[in-house]
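The next block is structure.cif, given as mmCIF, C-alpha atoms.
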```
data_final
loop_
_atom_site.label_atom_id
_atom_site.label_comp_id
_atom_site.auth_asym_id
_atom_site.auth_seq_id
_atom_site.Cartn_x
_atom_site.Cartn_y
_atom_site.Cartn_z
CA MET C 181 -28.23 12.42 62.42
CA GLN C 182 -28.10 12.15 58.63
CA ASN C 183 -31.24 12.89 56.66
CA PRO C 184 -32.57 10.46 54.00
CA LYS C 185 -31.00 12.43 51.13
CA GLN C 186 -27.53 12.25 52.71
CA GLN C 187 -27.95 8.51 53.32
CA ARG C 188 -28.99 7.94 49.70
CA LEU C 189 -26.04 9.99 48.47
CA LEU C 190 -23.56 8.00 50.58
CA THR C 191 -25.13 4.74 49.38
CA ILE C 192 -24.88 5.86 45.75
CA LEU C 193 -21.26 6.95 46.19
CA PHE C 194 -20.32 3.68 47.89
CA CYS C 195 -22.04 1.55 45.25
CA GLY C 196 -20.49 3.68 42.51
CA PHE C 197 -17.04 3.16 44.03
CA LEU C 198 -17.56 -0.62 44.14
CA ALA C 199 -18.85 -0.65 40.57
CA ALA C 200 -15.92 1.43 39.32
CA MET C 201 -13.41 -0.77 41.12
CA THR C 202 -15.05 -3.88 39.64
CA VAL C 203 -14.93 -2.48 36.09
CA LEU C 204 -11.31 -1.40 36.52
CA TYR C 205 -10.38 -4.77 38.01
CA LEU C 206 -11.87 -6.59 35.02
CA CYS C 207 -10.60 -4.23 32.31
CA LEU C 208 -7.15 -3.12 33.41
CA PRO C 209 -4.20 -5.25 32.22
CA LYS C 210 -2.57 -7.41 34.85
CA SER C 211 1.13 -6.81 35.46
CA GLU C 212 3.58 -9.61 36.11
CA PHE C 213 6.12 -7.55 38.02
CA SER C 214 5.92 -4.65 40.49
CA LEU C 215 8.72 -2.16 39.82
CA ARG C 216 8.25 -0.43 43.17
CA GLU C 217 8.17 -3.62 45.23
CA LYS C 218 10.76 -5.39 43.05
CA ARG C 219 8.83 -8.65 43.06
CA TYR C 220 6.73 -10.81 40.77
CA LEU C 221 3.01 -10.55 41.38
CA ALA C 222 0.65 -13.49 41.78
CA GLN C 223 -0.64 -14.78 38.47
CA THR C 224 -4.08 -16.16 37.54
CA PRO C 225 -4.54 -19.30 39.65
CA GLU C 226 -5.22 -22.61 37.93
CA LEU C 227 -8.18 -24.58 39.21
CA THR C 228 -7.49 -28.26 39.76
CA ARG C 229 -9.16 -30.92 41.84
CA GLU C 230 -6.11 -31.16 44.06
CA ASN C 231 -5.67 -27.47 44.90
CA LEU C 232 -9.43 -27.05 45.37
CA ALA C 233 -9.51 -29.90 47.89
CA SER C 234 -6.41 -28.66 49.72
CA GLY C 235 -7.60 -25.07 49.95
CA ASP C 236 -4.60 -23.79 47.94
CA PHE C 237 -6.89 -22.49 45.20
CA SER C 238 -8.69 -20.17 47.61
CA ALA C 239 -5.36 -18.87 48.94
CA ASP C 240 -4.08 -18.35 45.38
CA VAL C 241 -7.23 -16.40 44.48
CA ASP C 242 -6.82 -14.17 47.53
CA ALA C 243 -3.17 -13.49 46.62
CA PHE C 244 -4.07 -12.76 42.99
CA MET C 245 -6.85 -10.34 43.92
CA ALA C 246 -4.69 -8.56 46.50
CA ASP C 247 -1.82 -8.14 44.02
CA HIS C 248 -4.01 -6.80 41.19
CA ILE C 249 -6.55 -4.55 42.90
CA PRO C 250 -6.77 -1.24 40.98
CA GLY C 251 -4.59 1.43 42.56
CA ARG C 252 -2.87 -1.17 44.74
CA SER C 253 0.39 0.78 45.01
CA PHE C 254 -1.52 3.87 46.19
CA PHE C 255 -3.48 1.97 48.83
CA VAL C 256 -0.42 0.08 50.08
CA GLY C 257 1.46 3.37 50.42
CA LEU C 258 -1.52 5.06 52.08
CA ASN C 259 -1.65 2.29 54.67
CA ALA C 260 2.12 2.54 55.29
CA TYR C 261 1.92 6.28 55.97
CA TYR C 262 -1.19 5.84 58.13
CA GLU C 263 0.73 3.37 60.33
CA LEU C 264 3.71 5.75 60.42
CA PHE C 265 1.63 8.75 61.52
CA THR C 266 -0.31 6.73 64.11
CA GLY C 267 2.88 5.53 65.80
CA ARG C 268 2.75 1.92 64.65
CA GLN C 269 6.05 1.96 62.77
CA GLY C 270 7.93 0.16 65.55
CA SER C 271 6.14 -3.10 64.78
CA LYS C 272 7.16 -3.08 61.11
CA ASP C 273 10.05 -4.77 59.30
CA ILE C 274 11.29 -1.45 57.90
CA LEU C 275 11.73 1.66 60.08
CA LEU C 276 12.03 5.30 59.03
CA THR C 277 14.57 7.71 60.52
CA ARG C 278 14.29 11.47 60.92
CA ASP C 279 16.70 11.99 58.02
CA GLN C 280 14.66 9.83 55.62
CA ARG C 281 16.65 6.62 55.97
CA LEU C 282 14.83 3.29 55.66
CA VAL C 283 16.42 0.60 57.84
CA GLU C 284 15.58 -2.97 58.73
CA ALA C 285 14.16 -3.64 62.18
CA PRO C 286 16.54 -5.23 64.73
CA VAL C 287 17.34 -8.91 64.48
CA GLU C 288 16.66 -11.12 67.48
CA ALA C 289 19.67 -11.89 69.68
CA ASP C 290 19.19 -15.66 69.91
CA ASP C 291 22.00 -17.38 71.82
CA ALA C 292 20.97 -20.79 70.49
CA VAL C 293 21.41 -19.61 66.90
CA ILE C 294 24.80 -18.07 67.69
CA ASP C 295 25.94 -21.29 69.42
CA LYS C 296 24.78 -23.46 66.51
CA ASN C 297 26.40 -21.30 63.81
CA MET C 298 29.64 -20.86 65.71
CA ALA C 299 29.89 -24.61 66.28
CA ILE C 300 29.54 -25.12 62.51
CA LEU C 301 32.10 -22.42 61.66
CA ASN C 302 34.60 -23.58 64.28
CA GLY C 303 34.30 -27.13 63.01
CA PHE C 304 34.83 -25.95 59.44
CA ALA C 305 37.88 -23.86 60.38
CA GLU C 306 39.51 -26.77 62.22
CA LYS C 307 39.52 -28.82 59.02
CA GLN C 308 41.33 -26.21 56.94
CA SER C 309 45.06 -25.94 56.38
CA VAL C 310 44.91 -22.18 55.64
CA PRO C 311 43.76 -19.23 57.80
CA VAL C 312 40.00 -18.84 58.16
CA ASP C 313 38.58 -15.43 59.11
CA LEU C 314 35.05 -14.39 60.07
CA MET C 315 33.61 -10.93 59.40
CA VAL C 316 30.04 -10.17 60.53
CA VAL C 317 28.74 -6.76 59.41
CA PRO C 318 26.51 -4.69 61.73
CA SER C 319 23.20 -3.42 60.37
CA ALA C 320 22.32 -0.03 58.95
CA GLY C 321 19.65 0.27 61.65
CA TRP C 322 22.28 -0.11 64.38
CA ALA C 323 24.31 2.70 62.78
CA ALA C 324 21.29 5.04 62.66
CA GLU C 325 19.45 3.87 65.79
CA ASP C 326 19.39 7.29 67.46
CA ARG C 327 17.54 8.74 64.45
CA ILE C 328 14.67 6.24 64.18
CA ILE C 329 11.18 7.72 64.52
CA GLY C 330 9.04 6.39 67.36
CA ILE C 331 9.39 3.50 69.77
CA HIS C 332 11.27 0.44 68.57
CA ASP C 333 13.22 -2.50 69.94
CA ALA C 334 16.89 -1.84 70.70
CA TYR C 335 19.50 -3.11 68.22
CA PRO C 336 21.52 -5.98 69.76
CA ASP C 337 24.29 -5.85 67.13
CA GLU C 338 27.12 -5.06 69.54
CA ALA C 339 26.10 -7.81 71.98
CA ILE C 340 25.76 -10.34 69.15
CA LEU C 341 29.16 -9.47 67.69
CA ARG C 342 30.82 -9.69 71.12
CA SER C 343 29.25 -13.12 71.62
CA ILE C 344 30.42 -14.29 68.19
CA SER C 345 33.97 -13.15 68.92
CA ALA C 346 33.97 -14.82 72.34
CA LYS C 347 32.80 -18.15 70.86
CA ALA C 348 35.30 -18.25 67.99
CA GLY C 349 37.78 -21.09 68.37
CA GLU C 350 41.53 -20.80 67.96
CA ASN C 351 41.29 -21.72 64.25
CA LEU C 352 38.67 -19.07 63.48
CA ARG C 353 39.89 -15.48 63.58
CA THR C 354 37.32 -12.71 63.84
CA VAL C 355 37.69 -9.44 61.91
CA ASP C 356 36.44 -6.41 63.83
CA VAL C 357 34.45 -4.04 61.60
CA LEU C 358 32.25 -2.84 64.47
CA THR C 359 34.91 -0.44 65.80
CA PRO C 360 35.63 1.38 62.51
CA PHE C 361 31.92 1.43 61.65
CA ALA C 362 31.07 2.93 65.05
CA ALA C 363 33.55 5.72 64.28
CA GLY C 364 31.93 6.36 60.88
CA SER C 365 28.49 7.65 59.96
CA PRO C 366 25.40 6.05 58.38
CA GLU C 367 25.63 8.54 55.50
CA GLN C 368 29.07 7.23 54.63
CA LEU C 369 28.64 3.52 55.31
CA TYR C 370 25.10 2.55 54.28
CA TYR C 371 22.52 3.47 51.67
CA ARG C 372 19.37 5.35 52.72
CA THR C 373 16.94 3.15 50.78
CA ASP C 374 18.74 -0.19 50.92
CA HIS C 375 20.07 -2.52 53.64
CA HIS C 376 23.49 -2.90 51.98
CA TRP C 377 26.62 -0.95 52.66
CA THR C 378 27.83 1.67 50.23
CA SER C 379 31.07 1.41 48.27
CA ALA C 380 32.67 3.47 51.06
CA GLY C 381 31.38 0.98 53.64
CA ALA C 382 32.64 -1.99 51.61
CA HIS C 383 36.02 -0.32 51.14
CA THR C 384 36.27 0.25 54.90
CA ALA C 385 35.67 -3.47 55.47
CA TYR C 386 38.20 -4.34 52.74
CA ARG C 387 40.80 -2.06 54.36
CA VAL C 388 40.22 -3.59 57.80
CA TYR C 389 40.52 -7.13 56.40
CA LEU C 390 43.75 -6.42 54.49
CA GLU C 391 45.27 -4.80 57.58
CA HIS C 392 44.12 -7.84 59.58
CA LEU C 393 46.19 -9.96 57.16
CA GLY C 394 49.16 -7.63 57.59
CA ARG C 395 48.88 -6.39 54.01
CA GLU C 396 48.59 -2.94 52.45
CA PRO C 397 45.08 -2.17 51.11
CA ARG C 398 44.53 -0.08 48.03
CA PRO C 399 43.69 3.47 49.21
CA GLU C 400 40.52 5.38 48.34
CA ALA C 401 42.53 7.87 46.30
CA ASP C 402 43.34 5.16 43.74
CA TYR C 403 39.69 4.84 42.70
CA ARG C 404 37.72 6.83 40.17
CA MET C 405 34.27 7.51 41.62
CA GLU C 406 31.13 7.64 39.49
CA THR C 407 27.70 8.65 40.78
CA ILE C 408 24.56 7.02 39.35
CA PRO C 409 21.35 8.92 40.29
CA GLY C 410 17.90 7.50 40.97
CA PHE C 411 18.70 4.50 43.20
CA LEU C 412 15.82 3.06 45.26
CA GLY C 413 16.84 -0.09 47.09
CA SER C 414 15.35 -3.04 48.92
CA THR C 415 14.20 -1.28 52.08
CA TYR C 416 12.33 1.27 49.95
CA SER C 417 10.55 -1.54 48.11
CA ARG C 418 9.56 -3.29 51.33
CA SER C 419 8.50 -0.15 53.21
CA ALA C 420 5.79 1.18 50.84
CA LEU C 421 6.85 4.67 51.97
CA TRP C 422 6.83 5.79 48.36
CA LEU C 423 7.56 9.48 49.08
CA THR C 424 11.09 8.65 50.25
CA PRO C 425 13.47 10.35 47.77
CA ALA C 426 15.87 8.39 45.60
CA GLU C 427 19.62 8.54 46.23
CA PRO C 428 22.81 8.15 44.19
CA LEU C 429 24.55 4.81 43.71
CA GLU C 430 28.33 5.17 43.84
CA LEU C 431 30.68 3.08 41.70
CA TRP C 432 34.38 3.02 42.55
CA THR C 433 36.41 1.96 39.52
CA GLY C 434 39.77 0.47 40.39
CA GLY C 435 41.21 -2.67 38.84
CA GLU C 436 40.74 -2.19 35.10
CA HIS C 437 41.89 -5.72 34.28
CA ILE C 438 39.67 -7.72 36.65
CA GLN C 439 37.56 -10.35 34.90
CA VAL C 440 34.42 -11.99 36.28
CA ILE C 441 33.13 -15.47 35.44
CA HIS C 442 29.91 -16.86 36.90
CA GLU C 443 29.35 -20.57 37.49
CA GLY C 444 28.10 -22.24 34.34
CA SER C 445 29.60 -19.61 32.04
CA ASP C 446 32.85 -19.78 30.11
CA THR C 447 32.73 -16.16 28.98
CA PRO C 448 34.60 -13.69 31.20
CA HIS C 449 33.05 -10.30 31.84
CA PRO C 450 35.45 -7.33 31.76
CA GLY C 451 35.25 -5.46 35.06
CA VAL C 452 33.16 -5.92 38.20
CA PHE C 453 30.30 -3.63 37.11
CA PHE C 454 27.45 -4.98 34.96
CA ARG C 455 26.23 -1.62 33.70
CA GLU C 456 23.23 -2.97 31.83
CA ARG C 457 21.70 -3.64 35.26
CA LEU C 458 21.49 0.10 35.88
CA GLU C 459 18.55 0.18 33.45
CA GLU C 460 16.58 -2.31 35.59
CA SER C 461 14.53 -1.86 38.75
CA ASP C 462 17.22 -3.35 41.02
CA LYS C 463 20.24 -1.22 40.27
CA TYR C 464 22.24 -2.85 43.09
CA THR C 465 22.85 -5.84 40.80
CA VAL C 466 25.32 -3.65 38.91
CA TYR C 467 27.80 -5.15 41.40
CA LEU C 468 28.88 -8.52 39.95
CA ASP C 469 25.44 -9.05 38.36
CA GLY C 470 23.83 -9.72 41.74
CA ASN C 471 23.67 -13.04 43.56
CA HIS C 472 25.18 -16.15 41.96
CA ALA C 473 26.15 -19.50 43.43
CA LEU C 474 29.82 -19.14 42.48
CA VAL C 475 31.69 -16.12 41.11
CA ARG C 476 35.35 -16.12 40.07
CA LEU C 477 37.29 -12.84 39.89
CA THR C 478 40.76 -12.88 38.38
CA ASN C 479 43.24 -10.01 38.36
CA PRO C 480 46.40 -10.56 36.28
CA GLU C 481 47.81 -7.31 37.66
CA ALA C 482 47.88 -8.93 41.11
CA ALA C 483 49.87 -11.97 40.01
CA GLY C 484 51.56 -13.68 42.94
CA SER C 485 49.26 -12.11 45.55
CA GLY C 486 47.48 -15.36 46.33
CA SER C 487 43.92 -16.66 46.17
CA LEU C 488 40.95 -16.06 48.45
CA LEU C 489 37.70 -17.94 49.02
CA VAL C 490 34.83 -15.80 50.34
CA ILE C 491 31.84 -17.66 51.81
CA ARG C 492 29.29 -14.91 51.69
CA ASP C 493 25.92 -13.25 51.25
CA SER C 494 24.97 -10.31 49.00
CA PHE C 495 27.17 -7.80 50.90
CA SER C 496 30.16 -9.30 49.08
CA ASN C 497 28.79 -8.32 45.68
CA CYS C 498 30.30 -4.89 46.35
CA LEU C 499 33.15 -6.09 48.59
CA GLY C 500 34.35 -8.64 46.02
CA GLY C 501 35.60 -6.00 43.60
CA PHE C 502 37.81 -4.43 46.26
CA LEU C 503 39.18 -7.80 47.33
CA ALA C 504 40.04 -8.60 43.72
CA ASP C 505 42.31 -5.54 43.72
CA SER C 506 44.56 -7.32 46.23
CA PHE C 507 44.34 -10.99 45.23
CA GLU C 508 45.15 -12.73 41.97
CA THR C 509 42.03 -14.89 42.35
CA VAL C 510 38.91 -14.35 44.45
CA ILE C 511 36.09 -16.89 44.44
CA LEU C 512 32.77 -15.99 46.05
CA ALA C 513 30.59 -18.91 47.18
CA ASP C 514 26.99 -18.26 48.23
CA LEU C 515 25.68 -21.21 50.23
CA ARG C 516 22.09 -20.20 49.49
CA TYR C 517 22.65 -21.39 45.93
CA TYR C 518 25.90 -23.38 45.86
CA ARG C 519 25.16 -27.05 46.48
CA GLN C 520 28.43 -28.73 45.47
CA PRO C 521 30.78 -30.01 48.20
CA LEU C 522 32.79 -27.00 49.32
CA SER C 523 35.63 -29.32 50.35
CA GLU C 524 36.14 -30.28 46.70
CA LEU C 525 36.35 -26.63 45.67
CA ILE C 526 38.88 -25.92 48.44
CA GLU C 527 40.96 -28.96 47.49
CA SER C 528 41.04 -28.10 43.77
CA GLU C 529 41.74 -24.37 44.14
CA LYS C 530 44.36 -24.51 46.93
CA PHE C 531 43.30 -21.20 48.47
CA ASP C 532 45.73 -19.14 50.53
CA HIS C 533 42.98 -17.57 52.67
CA ILE C 534 39.31 -18.16 53.49
CA LEU C 535 36.99 -15.34 54.56
CA ILE C 536 33.47 -15.94 55.86
CA CYS C 537 31.57 -12.66 55.46
CA TYR C 538 27.92 -12.22 56.46
CA SER C 539 25.66 -9.35 57.37
CA ILE C 540 24.37 -9.72 60.91
CA GLY C 541 20.82 -10.27 59.64
CA ASN C 542 21.85 -13.22 57.48
CA PHE C 543 24.14 -14.62 60.16
CA MET C 544 21.20 -14.81 62.56
CA THR C 545 18.57 -16.08 60.10
CA ASP C 546 20.23 -17.98 57.26
CA THR C 547 20.05 -21.77 57.59
CA ASN C 548 22.55 -22.70 54.89
CA MET C 549 25.71 -22.73 57.00
CA ILE C 550 24.95 -26.39 57.62
CA TRP C 551 26.41 -27.02 54.16
CA LEU C 552 29.83 -26.27 55.65
CA ARG C 553 29.70 -29.50 57.65
#
```

Would you give me this structure, written as structure tokens?
Amino acid sequence: MQNPKQQRLLTILFCGFLAAMTVLYLCLPKSEFSLREKRYLAQTPELTRENLASGDFSADVDAFMADHIPGRSFFVGLNAYYELFTGRQGSKDILLTRDQRLVEAPVEADDAVIDKNMAILNGFAEKQSVPVDLMVVPSAGWAAEDRIIGIHDAYPDEAILRSISAKAGENLRTVDVLTPFAAGSPEQLYYRTDHHWTSAGAHTAYRVYLEHLGREPRPEADYRMETIPGFLGSTYSRSALWLTPAEPLELWTGGEHIQVIHEGSDTPHPGVFFRERLEESDKYTVYLDGNHALVRLTNPEAAGSGSLLVIRDSFSNCLGGFLADSFETVILADLRYYRQPLSELIESEKFDHILICYSIGNFMTDTNMIWLR
């Protein structure tokens, strides 16, 4: 049992801690952006009659205080490691492997979602006069499942991809990247601190797709490889496991004459790498400047090789540069942002091929495929 002096000391320490935190909270400047979490923080809430009556003001205050508590990054990280060491990692969105890889938790194998999306894609493919191909990319967690620390749900990637292939109609051809990825390794195919594939992983998918079309892909040996140190990706930011070491980002330089134009811009960018992005917190946007509604890549050195429409998610930011090595024109359309009728784009551009390329996570969760109807 504690004596009175010990009780007074604990009380003084506790009150001193609260007082110090209050002073720091009031005096420290408030940041707008968290570099580690790669997100904008809640800003000072505005009090209005409407948001007070609705309860939104109280929720905004809670979010603001949580985002700006002194030492927030330390406490968030401390909690993440506490849950890791107490065996609670399996319930989290980001899982840690024994070799310090941070991977997304498994997606849910929902047959209703697969049926709905495949019905949309089959209907879309039936309306086209050119070949339509579907490539769904397995997750980094599936590739490193045997290394994940602790108990976790099994990855259903193989079952999902088999179901997708079985439900593809005669006008929708599936491209198998599961087999070559199963023969590869996580180190080669995916980043350690990000959910995306590496340049080697994207090139593997590019090679498989070109061979699927009966064409010769550009070999790895043709590329000049550059290593950019200090990359910390999206799974690092979401995990709060701040002690995870950074890794290199690899750029494969190939087509020197490829030009990139984003929707709404008339100025072409020379090359597929936006190197100014390497100075920012999200270095992955070096590939094609990150996500845009519509991106046009033109390669005069590939004149006569045809045009390709890629309906895609962010995995094609890296893949697009490889595809542009083998097509005169590649247009990337991201349905999360592109709201114009896709049929008008297809009619005006007269594409030779259409590729639908999604990561398995986006295929199972994204709701924007309805825009293909």

Min atom-atom distance to Arg398 in chain C from the set C:Leu282, C:Ala420, C:Met298, C:Ala482, counting only C-alpha atoms, belongs to C:Ala482

Got a sec to resolve the PyMOL selection byres ((chain C and resi 449) around 12) on this structure and send the residues as an MDAnalysis selection string? chainID C and resid 436:442 445:448 450:455 468:469 475:478

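In terms of minimum interatomic distance to Glu306 in chain C, C:Leu352 ranks closest within C:Leu488, C:Leu352, C:Ile331, C:Leu458, counting all atoms listed in the file.
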
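Here the PyMOL selection byres ((chain C and resi 502-505) around 7) catches exactly these residues: His383, Tyr386, Gly435, Leu477, Thr478, Asn479, Leu499, Gly500, Gly501, Ser506, Phe507, Glu508, Thr509 and Val510 of chain C.
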
Hey, which bits of range 287-376 of chain C sit within 6 Å of range 539-549 of chain C, and for each residue what's the closest pair of atoms and how far apart in Å (one decimal), counting only C-alpha atoms, rows by chain and increasing number, as JSON lines?
```
{"residue": "C:Val316", "atom": "CA", "partner": "C:Ser539", "partner_atom": "CA", "distance": 5.5}
{"residue": "C:Val317", "atom": "CA", "partner": "C:Ser539", "partner_atom": "CA", "distance": 4.5}
{"residue": "C:Pro318", "atom": "CA", "partner": "C:Ile540", "partner_atom": "CA", "distance": 5.5}
```

Explicit residue set for the PyMOL selection byres ((chain C and resi 365-382) around 7), as an mmCIF file with C-alpha atoms, in the frame of the given file:
```cif
data_model
loop_
_atom_site.group_PDB
_atom_site.id
_atom_site.type_symbol
_atom_site.label_atom_id
_atom_site.label_comp_id
_atom_site.auth_asym_id
_atom_site.auth_seq_id
_atom_site.Cartn_x
_atom_site.Cartn_y
_atom_site.Cartn_z
ATOM 1 C CA ARG C 281 16.650 6.620 55.970
ATOM 2 C CA LEU C 282 14.830 3.290 55.660
ATOM 3 C CA VAL C 283 16.420 0.600 57.840
ATOM 4 C CA GLU C 284 15.580 -2.970 58.730
ATOM 5 C CA ALA C 320 22.320 -0.030 58.950
ATOM 6 C CA ALA C 323 24.310 2.700 62.780
ATOM 7 C CA ALA C 324 21.290 5.040 62.660
ATOM 8 C CA ALA C 363 33.550 5.720 64.280
ATOM 9 C CA GLY C 364 31.930 6.360 60.880
ATOM 10 C CA HIS C 383 36.020 -0.320 51.140
ATOM 11 C CA THR C 384 36.270 0.250 54.900
ATOM 12 C CA ALA C 385 35.670 -3.470 55.470
ATOM 13 C CA TYR C 386 38.200 -4.340 52.740
ATOM 14 C CA LEU C 412 15.820 3.060 45.260
ATOM 15 C CA GLY C 413 16.840 -0.090 47.090
ATOM 16 C CA SER C 414 15.350 -3.040 48.920
ATOM 17 C CA THR C 415 14.200 -1.280 52.080
ATOM 18 C CA TYR C 416 12.330 1.270 49.950
ATOM 19 C CA GLU C 430 28.330 5.170 43.840
ATOM 20 C CA LEU C 431 30.680 3.080 41.700
ATOM 21 C CA TRP C 432 34.380 3.020 42.550
ATOM 22 C CA PHE C 495 27.170 -7.800 50.900
ATOM 23 C CA CYS C 498 30.300 -4.890 46.350
ATOM 24 C CA LEU C 499 33.150 -6.090 48.590
#
```
